[in-house]
Each structure stands twice: as C-alpha cells, then as structure tokens.
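One structure below.
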Amino acid sequence: MIWPSHKKGILVSIAAAGLLTASGAAYAAVDGASVDRPGAIHQLAGGGGPQRFARAYGLDPAKALAVFTLRNGQTVSVVGDSSARCLIRGSGGQTAETCDDISAINQGQAISVLDECGTEGRNLMEITGLAAEGVGVVRLIWSDGRTQDSVVTQGAFRFEGSNPAPGAPYPIGIAWISGGRNVGEATFPVHGDEFCLPAS
Amino acid sequence: MAHLARSRLTILLAAFLSAIAVALCITAVALAFSESYGFYEVGNNGYVQSGSAHTFVVNYGAGSNGGRLACQLFNSKGANNVAHGNGSCAVAYGGGEFVWARVYDQSGVSETIGGEAET
C-alpha cells in the first residue's frame, strides 16, 4: 500500500465487508500496513440475511443509486453516508456487496476483482470499487507498466476485460488521480498467480 | 346497487391477490437454502468449502485478520467464478447449476476463515 506520508502510520480501517461490530477487534497486517479491524468473521458467522453488510453500517440498500451495468449483466449501485459506503453488485435478485468506512475506502481497501474463469467460455474480469474522496479518475496499473483510466461515477469505478492468461501481464493496482495528479495508490487483493483458482 | 357490487368485487379481488402474494413469499422462503461453512483456522492458500454442491448464486467469505481473501463458486462443468477482496469477499454465479462454494485465505499467514453460500 502506498499513500501520502501524512497518512502512513494511521492506516486504521475496517474490513472490506463493512462489518461494523463492537466486539473483538483484531489486529493484522495487510501488505505491510497495520490495520485495526473489527471481527468481520463474527458478523458473517452470525448470519444477518441479504445485504447484511450494508445494513451493518446502518445503510439502507433500498436507497442505493444505480451506477453501472457490467458486461456480464450485473448491475452496480452505490449507497453511503458521511462515514461509510457500499458498492452493491446485483444479479438475478441476489447481491454481492463491498462496503467500508471512508478511511478504508481512501486506502483502496474497497476494491473487488472478479474473475469468470471459463464460466460460459468468456473469461471475463471485472474490477469494481469505491474511489477515495475527491478522486475523479482511477488509473489501473498493469504489471508491464501499462495503464488505463476510468472516470469515477457516484464514487464508484470499474474496469472490464479478460482475466490474464498464465504468464501474461496482469493488473497490480490502482492510482487515485485528482486534478491530473497522482494522489495515492493501492495494490489489488489478488496477486499474479491467483487470478483463476483451481476448480477441483 | 351496482356500486355496492363493484366494491365487493374489488375487495374480493384484493383479497385474492394478497393471498397469492403471501403464498409466493412463503414458497420463496421455503425454497431458499443457505449453508454456513468453515470458521476454522487454515494456512496461507488454504481454503474452507461447503459440505456439498448446491444451486448457489452467491458466496460470502470473511477472515479473522482482515487480509486478502478469495471467494469461489465452481463445478467440474466449467463454472468457476472467483472474487478477490480485502478482509471479505463476495462472488455471484447466475448459471443455475450445482456449484461448490469455497473461501481461500490469501493473507500470507494462517487465519480463521468462513463462508456462507446462498441459493
């Protein structure tokens, strides 16, 4: 994780699922950064029903604003307030959410990389996420140095392509672009050899 | 008289439609299935998996240390969707086939991970 120096050392965030809980804060290291997280796993174990992650932050999924429709047909919507935001991917009446508090979003923690590894023969890859506050463009950085930009809409961004073949260049992270300047970067929650996991 | 008859017809129609709506809701609840699995410690690159394949359409995962995770829905017939996230993950699959659900620990260290898959 790379971030302006004044941010370093105060990387306090909450699990990407947006699972606020009063119990059992865990202390862990993510990509070298110290992260103080609540017990996300306890929230999952406790059930909670559809869209539990958004509701765990006190957000109403019914108020989510539609932002994108991905090539795979999934819809992307966003709901948030001054302290937290959720990106909700919808498909066939089901939802998959990425939620976080604002500080974690600013660190690039609310990014999801989805690989459709051979499903329907399409090998699609969708990268969706919530952008840091004030950022107008998100720049995708590839392992071969290539970049591509996505304009932020309602605080969300997307990149769509194909999942990388073994040995081929792969996306490694993003840069936040504001006023034409790089104001921060974050690595992806997937490394080069992890894009498509075994189906056996 | 005609007005009264129309009112009764409207009431009967509303009651009928309400009954259908309630029946549909009960049916949907009865057909829904979810499985919670894992919630024990695995090593880096280890995984937890659902007890059986089902027509899962979404799979949520979470870990105890907030590190990188991958959620997967897959089968041997070519379905294989994987979502990577920090601290948690969620993957959807709309193919309508029986698929297994997994959550991988990719945090670099051992951690407790768990998943919940829903039809």
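How things are named: the first chain in the structure tokens is A, the next is B, and so on; residues count from 1 in each chain; ligands count from 1 in the order shown.
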Item checked: 9 Å contact set for Val138 (chain A), only C-alpha atoms, chain neighbours under 6 positions out, as a PyMOL selection string -> chain A and resi 131+148-152+157-158+174-178
For the contact check between chain B and chain A, emit one row per residue of chain B within 7 Å, containing the shortest atom pair and the distance in Å rounded to one decimal, counting only C-alpha atoms, chain then rising number order, as JSON lines.
```
{"residue": "B:Val58", "atom": "CA", "partner": "A:Gln94", "partner_atom": "CA", "distance": 6.9}
{"residue": "B:Ala62", "atom": "CA", "partner": "A:Ile41", "partner_atom": "CA", "distance": 4.9}
{"residue": "B:Gly63", "atom": "CA", "partner": "A:Ile41", "partner_atom": "CA", "distance": 5.3}
{"residue": "B:Ser64", "atom": "CA", "partner": "A:Ile41", "partner_atom": "CA", "distance": 5.7}
{"residue": "B:Asn65", "atom": "CA", "partner": "A:Ala28", "partner_atom": "CA", "distance": 5.2}
{"residue": "B:Gly66", "atom": "CA", "partner": "A:Ala15", "partner_atom": "CA", "distance": 5.7}
{"residue": "B:Gly67", "atom": "CA", "partner": "A:Val30", "partner_atom": "CA", "distance": 5.4}
{"residue": "B:Arg68", "atom": "CA", "partner": "A:Pro189", "partner_atom": "CA", "distance": 5.4}
{"residue": "B:Phe74", "atom": "CA", "partner": "A:Ala199", "partner_atom": "CA", "distance": 5.8}
{"residue": "B:Asn75", "atom": "CA", "partner": "A:Ala199", "partner_atom": "CA", "distance": 6.3}
{"residue": "B:Ser76", "atom": "CA", "partner": "A:Ala199", "partner_atom": "CA", "distance": 6.5}
{"residue": "B:Gly78", "atom": "CA", "partner": "A:Thr119", "partner_atom": "CA", "distance": 5.7}
{"residue": "B:Ala79", "atom": "CA", "partner": "A:Thr119", "partner_atom": "CA", "distance": 4.5}
{"residue": "B:Asn80", "atom": "CA", "partner": "A:Cys117", "partner_atom": "CA", "distance": 5.2}
{"residue": "B:Asn81", "atom": "CA", "partner": "A:Glu116", "partner_atom": "CA", "distance": 4.5}
{"residue": "B:Val82", "atom": "CA", "partner": "A:Asp115", "partner_atom": "CA", "distance": 5.1}
{"residue": "B:Ala83", "atom": "CA", "partner": "A:Leu114", "partner_atom": "CA", "distance": 4.2}
{"residue": "B:His84", "atom": "CA", "partner": "A:Val113", "partner_atom": "CA", "distance": 5.1}
{"residue": "B:Gly85", "atom": "CA", "partner": "A:Ser112", "partner_atom": "CA", "distance": 5.1}
{"residue": "B:Asn86", "atom": "CA", "partner": "A:Ala16", "partner_atom": "CA", "distance": 5.4}
{"residue": "B:Gly87", "atom": "CA", "partner": "A:Ala15", "partner_atom": "CA", "distance": 4.8}
{"residue": "B:Ser88", "atom": "CA", "partner": "A:Ala17", "partner_atom": "CA", "distance": 5.2}
{"residue": "B:Cys89", "atom": "CA", "partner": "A:Ala17", "partner_atom": "CA", "distance": 6.9}
{"residue": "B:Ala90", "atom": "CA", "partner": "A:Ala96", "partner_atom": "CA", "distance": 5.3}
{"residue": "B:Val91", "atom": "CA", "partner": "A:Ala96", "partner_atom": "CA", "distance": 6.3}
{"residue": "B:Ala92", "atom": "CA", "partner": "A:Ala96", "partner_atom": "CA", "distance": 6.7}
{"residue": "B:Gly94", "atom": "CA", "partner": "A:Gly92", "partner_atom": "CA", "distance": 6.8}
{"residue": "B:Ile113", "atom": "CA", "partner": "A:Ile41", "partner_atom": "CA", "distance": 6.9}
{"residue": "B:Gly114", "atom": "CA", "partner": "A:Ile41", "partner_atom": "CA", "distance": 6.8}
```
Could you dump the residues just selected with N, CA and C atoms as a PDB file, in the first residue's frame?
```
ATOM      1  N   VAL B  58     -24.735 -17.009  -4.670  1.00  0.00           N
ATOM      2  CA  VAL B  58     -23.830 -16.042  -4.051  1.00  0.00           C
ATOM      3  C   VAL B  58     -23.082 -16.730  -2.915  1.00  0.00           C
ATOM      4  N   ALA B  62     -15.307 -14.282   4.863  1.00  0.00           N
ATOM      5  CA  ALA B  62     -14.665 -13.311   5.758  1.00  0.00           C
ATOM      6  C   ALA B  62     -13.547 -14.015   6.499  1.00  0.00           C
ATOM      7  N   GLY B  63     -12.550 -13.243   6.912  1.00  0.00           N
ATOM      8  CA  GLY B  63     -11.422 -13.795   7.637  1.00  0.00           C
ATOM      9  C   GLY B  63     -11.136 -13.014   8.897  1.00  0.00           C
ATOM     10  N   SER B  64     -10.360 -13.631   9.773  1.00  0.00           N
ATOM     11  CA  SER B  64     -10.146 -13.040  11.096  1.00  0.00           C
ATOM     12  C   SER B  64      -9.070 -11.965  11.094  1.00  0.00           C
ATOM     13  N   ASN B  65      -8.199 -11.941  10.085  1.00  0.00           N
ATOM     14  CA  ASN B  65      -7.106 -10.966  10.172  1.00  0.00           C
ATOM     15  C   ASN B  65      -7.216  -9.811   9.184  1.00  0.00           C
ATOM     16  N   GLY B  66      -8.305  -9.788   8.410  1.00  0.00           N
ATOM     17  CA  GLY B  66      -8.512  -8.648   7.515  1.00  0.00           C
ATOM     18  C   GLY B  66      -7.670  -8.663   6.262  1.00  0.00           C
ATOM     19  N   GLY B  67      -6.941  -9.758   6.031  1.00  0.00           N
ATOM     20  CA  GLY B  67      -6.075  -9.831   4.850  1.00  0.00           C
ATOM     21  C   GLY B  67      -6.831 -10.245   3.601  1.00  0.00           C
ATOM     22  N   ARG B  68      -6.074 -10.565   2.571  1.00  0.00           N
ATOM     23  CA  ARG B  68      -6.684 -10.892   1.290  1.00  0.00           C
ATOM     24  C   ARG B  68      -7.412 -12.231   1.342  1.00  0.00           C
ATOM     25  N   PHE B  74     -17.871 -22.882  -8.035  1.00  0.00           N
ATOM     26  CA  PHE B  74     -17.328 -23.642  -9.162  1.00  0.00           C
ATOM     27  C   PHE B  74     -17.945 -25.036  -9.233  1.00  0.00           C
ATOM     28  N   ASN B  75     -17.782 -25.652 -10.400  1.00  0.00           N
ATOM     29  CA  ASN B  75     -18.081 -27.072 -10.546  1.00  0.00           C
ATOM     30  C   ASN B  75     -17.157 -27.662 -11.613  1.00  0.00           C
ATOM     31  N   SER B  76     -17.331 -28.924 -11.905  1.00  0.00           N
ATOM     32  CA  SER B  76     -16.436 -29.584 -12.861  1.00  0.00           C
ATOM     33  C   SER B  76     -16.913 -29.420 -14.300  1.00  0.00           C
ATOM     34  N   GLY B  78     -17.219 -26.452 -15.836  1.00  0.00           N
ATOM     35  CA  GLY B  78     -16.751 -25.206 -16.428  1.00  0.00           C
ATOM     36  C   GLY B  78     -17.148 -23.946 -15.695  1.00  0.00           C
ATOM     37  N   ALA B  79     -18.001 -24.061 -14.700  1.00  0.00           N
ATOM     38  CA  ALA B  79     -18.331 -22.881 -13.901  1.00  0.00           C
ATOM     39  C   ALA B  79     -17.182 -22.612 -12.932  1.00  0.00           C
ATOM     40  N   ASN B  80     -16.706 -21.395 -12.880  1.00  0.00           N
ATOM     41  CA  ASN B  80     -15.611 -21.063 -11.964  1.00  0.00           C
ATOM     42  C   ASN B  80     -15.509 -19.554 -11.824  1.00  0.00           C
ATOM     43  N   ASN B  81     -16.276 -19.000 -10.915  1.00  0.00           N
ATOM     44  CA  ASN B  81     -16.223 -17.569 -10.644  1.00  0.00           C
ATOM     45  C   ASN B  81     -15.471 -17.332  -9.343  1.00  0.00           C
ATOM     46  N   VAL B  82     -14.554 -16.373  -9.371  1.00  0.00           N
ATOM     47  CA  VAL B  82     -13.716 -16.071  -8.208  1.00  0.00           C
ATOM     48  C   VAL B  82     -13.734 -14.568  -7.964  1.00  0.00           C
ATOM     49  N   ALA B  83     -13.964 -14.172  -6.733  1.00  0.00           N
ATOM     50  CA  ALA B  83     -13.899 -12.753  -6.374  1.00  0.00           C
ATOM     51  C   ALA B  83     -12.859 -12.572  -5.284  1.00  0.00           C
ATOM     52  N   HIS B  84     -11.981 -11.589  -5.465  1.00  0.00           N
ATOM     53  CA  HIS B  84     -10.913 -11.309  -4.513  1.00  0.00           C
ATOM     54  C   HIS B  84     -11.229 -10.016  -3.761  1.00  0.00           C
ATOM     55  N   GLY B  85     -11.012 -10.030  -2.450  1.00  0.00           N
ATOM     56  CA  GLY B  85     -11.281  -8.842  -1.668  1.00  0.00           C
ATOM     57  C   GLY B  85     -10.361  -8.734  -0.467  1.00  0.00           C
ATOM     58  N   ASN B  86     -10.406  -7.594   0.185  1.00  0.00           N
ATOM     59  CA  ASN B  86      -9.639  -7.368   1.405  1.00  0.00           C
ATOM     60  C   ASN B  86     -10.534  -7.560   2.620  1.00  0.00           C
ATOM     61  N   GLY B  87     -10.215  -8.537   3.434  1.00  0.00           N
ATOM     62  CA  GLY B  87     -10.976  -8.737   4.669  1.00  0.00           C
ATOM     63  C   GLY B  87     -12.254  -9.512   4.471  1.00  0.00           C
ATOM     64  N   SER B  88     -12.826  -9.417   3.301  1.00  0.00           N
ATOM     65  CA  SER B  88     -14.033 -10.170   2.977  1.00  0.00           C
ATOM     66  C   SER B  88     -14.137 -10.242   1.464  1.00  0.00           C
ATOM     67  N   CYS B  89     -15.055 -11.059   1.007  1.00  0.00           N
ATOM     68  CA  CYS B  89     -15.266 -11.166  -0.442  1.00  0.00           C
ATOM     69  C   CYS B  89     -16.685 -11.676  -0.676  1.00  0.00           C
ATOM     70  N   ALA B  90     -17.164 -11.482  -1.862  1.00  0.00           N
ATOM     71  CA  ALA B  90     -18.498 -11.971  -2.226  1.00  0.00           C
ATOM     72  C   ALA B  90     -18.505 -12.234  -3.718  1.00  0.00           C
ATOM     73  N   VAL B  91     -18.930 -13.425  -4.104  1.00  0.00           N
ATOM     74  CA  VAL B  91     -18.955 -13.781  -5.518  1.00  0.00           C
ATOM     75  C   VAL B  91     -20.349 -14.274  -5.884  1.00  0.00           C
ATOM     76  N   ALA B  92     -20.779 -13.950  -7.083  1.00  0.00           N
ATOM     77  CA  ALA B  92     -22.093 -14.386  -7.562  1.00  0.00           C
ATOM     78  C   ALA B  92     -21.920 -15.320  -8.746  1.00  0.00           C
ATOM     79  N   GLY B  94     -24.618 -16.940 -11.795  1.00  0.00           N
ATOM     80  CA  GLY B  94     -26.001 -16.966 -12.257  1.00  0.00           C
ATOM     81  C   GLY B  94     -26.320 -18.095 -13.204  1.00  0.00           C
ATOM     82  N   ILE B 113     -11.092 -18.560   8.721  1.00  0.00           N
ATOM     83  CA  ILE B 113     -11.944 -18.062   7.649  1.00  0.00           C
ATOM     84  C   ILE B 113     -13.257 -18.845   7.615  1.00  0.00           C
ATOM     85  N   GLY B 114     -14.275 -18.217   7.100  1.00  0.00           N
ATOM     86  CA  GLY B 114     -15.576 -18.865   6.992  1.00  0.00           C
ATOM     87  C   GLY B 114     -16.332 -18.333   5.807  1.00  0.00           C
TER      88      GLY B 114
END
```
Next item on the list: For CA of Ser82 (chain A) and CA of Arg55 (chain A), quote the distance in Å rounded to one decimal.
Entry: 14.9 Å
Note to self: Using Å and a single decimal, report how far CA of Arg146 (chain A) sits from CA of Gly173 (chain A).
What the structure shows: 11.3 Å
Can you tell me which residues surround region 99-105 of chain B at a distance of at most 7 Å, considering only C-alpha atoms, apart from same-chain residues fewer than 2 positions away, and format the answer as a compact mmCIF listing (two decimals) with N, CA and C atoms, in the first residue's frame?
```
# COMPACT_ATOMS: atom_id res chain seq x y z
N ASN B 44 -1.91 -20.18 4.95
CA ASN B 44 -1.95 -19.36 3.74
C ASN B 44 -2.19 -20.23 2.51
N ASN B 45 -3.08 -19.80 1.66
CA ASN B 45 -3.52 -20.53 0.46
C ASN B 45 -4.41 -21.73 0.78
N GLY B 46 -4.72 -21.93 2.05
CA GLY B 46 -5.68 -22.97 2.41
C GLY B 46 -7.09 -22.47 2.17
N TYR B 47 -8.05 -23.39 2.21
CA TYR B 47 -9.43 -22.97 1.97
C TYR B 47 -10.41 -23.75 2.82
N VAL B 48 -11.61 -23.21 2.93
CA VAL B 48 -12.75 -23.92 3.53
C VAL B 48 -13.79 -24.06 2.42
N GLN B 49 -14.61 -25.09 2.53
CA GLN B 49 -15.52 -25.42 1.42
C GLN B 49 -16.87 -25.87 1.95
N SER B 50 -17.90 -25.61 1.16
CA SER B 50 -19.24 -26.05 1.53
C SER B 50 -19.29 -27.58 1.60
N SER B 52 -21.50 -29.56 0.43
CA SER B 52 -21.97 -30.18 -0.80
C SER B 52 -22.17 -29.09 -1.85
N ALA B 53 -22.36 -29.53 -3.08
CA ALA B 53 -22.68 -28.57 -4.14
C ALA B 53 -24.18 -28.28 -4.08
N HIS B 54 -24.54 -27.09 -4.45
CA HIS B 54 -25.95 -26.68 -4.48
C HIS B 54 -26.10 -25.64 -5.57
N THR B 55 -27.32 -25.23 -5.82
CA THR B 55 -27.53 -24.19 -6.83
C THR B 55 -27.25 -22.81 -6.23
N PHE B 56 -26.05 -22.69 -5.66
CA PHE B 56 -25.68 -21.43 -5.02
C PHE B 56 -25.58 -20.31 -6.06
N ASN B 59 -21.85 -16.32 -2.73
CA ASN B 59 -20.99 -16.90 -1.70
C ASN B 59 -20.21 -15.78 -1.03
N GLY B 61 -17.50 -14.51 2.01
CA GLY B 61 -16.41 -15.00 2.85
C GLY B 61 -15.86 -13.89 3.72
N ARG B 68 -6.07 -10.57 2.57
CA ARG B 68 -6.68 -10.89 1.29
C ARG B 68 -7.41 -12.23 1.34
N LEU B 69 -8.58 -12.27 0.71
CA LEU B 69 -9.40 -13.48 0.64
C LEU B 69 -9.88 -13.67 -0.80
N ALA B 70 -10.25 -14.90 -1.12
CA ALA B 70 -10.91 -15.15 -2.41
C ALA B 70 -12.14 -16.02 -2.16
N CYS B 71 -13.25 -15.63 -2.74
CA CYS B 71 -14.48 -16.41 -2.69
C CYS B 71 -14.67 -17.07 -4.05
N GLN B 72 -15.11 -18.33 -4.05
CA GLN B 72 -15.22 -19.07 -5.30
C GLN B 72 -16.52 -19.86 -5.35
N LEU B 73 -17.14 -19.90 -6.52
CA LEU B 73 -18.25 -20.80 -6.83
C LEU B 73 -17.84 -21.56 -8.09
N PHE B 74 -17.87 -22.88 -8.04
CA PHE B 74 -17.33 -23.64 -9.16
C PHE B 74 -17.94 -25.04 -9.23
N ASN B 75 -17.78 -25.65 -10.40
CA ASN B 75 -18.08 -27.07 -10.55
C ASN B 75 -17.16 -27.66 -11.61
N GLU B 97 -26.53 -23.81 -12.12
CA GLU B 97 -26.02 -25.17 -11.95
C GLU B 97 -25.65 -25.42 -10.49
N SER B 107 -3.96 -14.29 2.76
CA SER B 107 -3.43 -13.18 3.55
C SER B 107 -1.93 -13.29 3.77
N ILE B 113 -11.09 -18.56 8.72
CA ILE B 113 -11.94 -18.06 7.65
C ILE B 113 -13.26 -18.85 7.62
N GLY B 114 -14.28 -18.22 7.10
CA GLY B 114 -15.58 -18.86 6.99
C GLY B 114 -16.33 -18.33 5.81
N GLY B 115 -17.35 -19.06 5.40
CA GLY B 115 -18.15 -18.63 4.27
C GLY B 115 -19.62 -18.90 4.49
N ALA B 117 -22.88 -19.53 1.76
CA ALA B 117 -23.37 -19.58 0.38
C ALA B 117 -24.89 -19.68 0.39
```
Next item on the list: Within region 16-116 of chain B, find each residue whose DSSP state, derived from the backbone, is helix (DSSP H, G or I), and express the selection as an NGL selection string.
Entry: :B and (16-31)
Margin query: Could you list, as a list in words, every residue within 7 Å of Glu116 (chain B), counting only C-alpha atoms and ignoring same-chain residues fewer than 4 positions away?
Written below: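 That gives Ser34, Glu35, Ser36, Tyr37, Asn59, Tyr60 and Gly61 of chain B.
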Notebook entry, point to check: What are the DSSP strand (DSSP E) residues of region 131-198 of chain A, as a PyMOL selection string?
Noted result: chain A and resi 137-142+147-151+156-162+171-178+181-187
Notebook entry, point to check: What is the distance, in Å and to one decimal place, between CA of Gly108 (chain B) and CA of Glu41 (chain B)?
Noted result: 13.0 Å
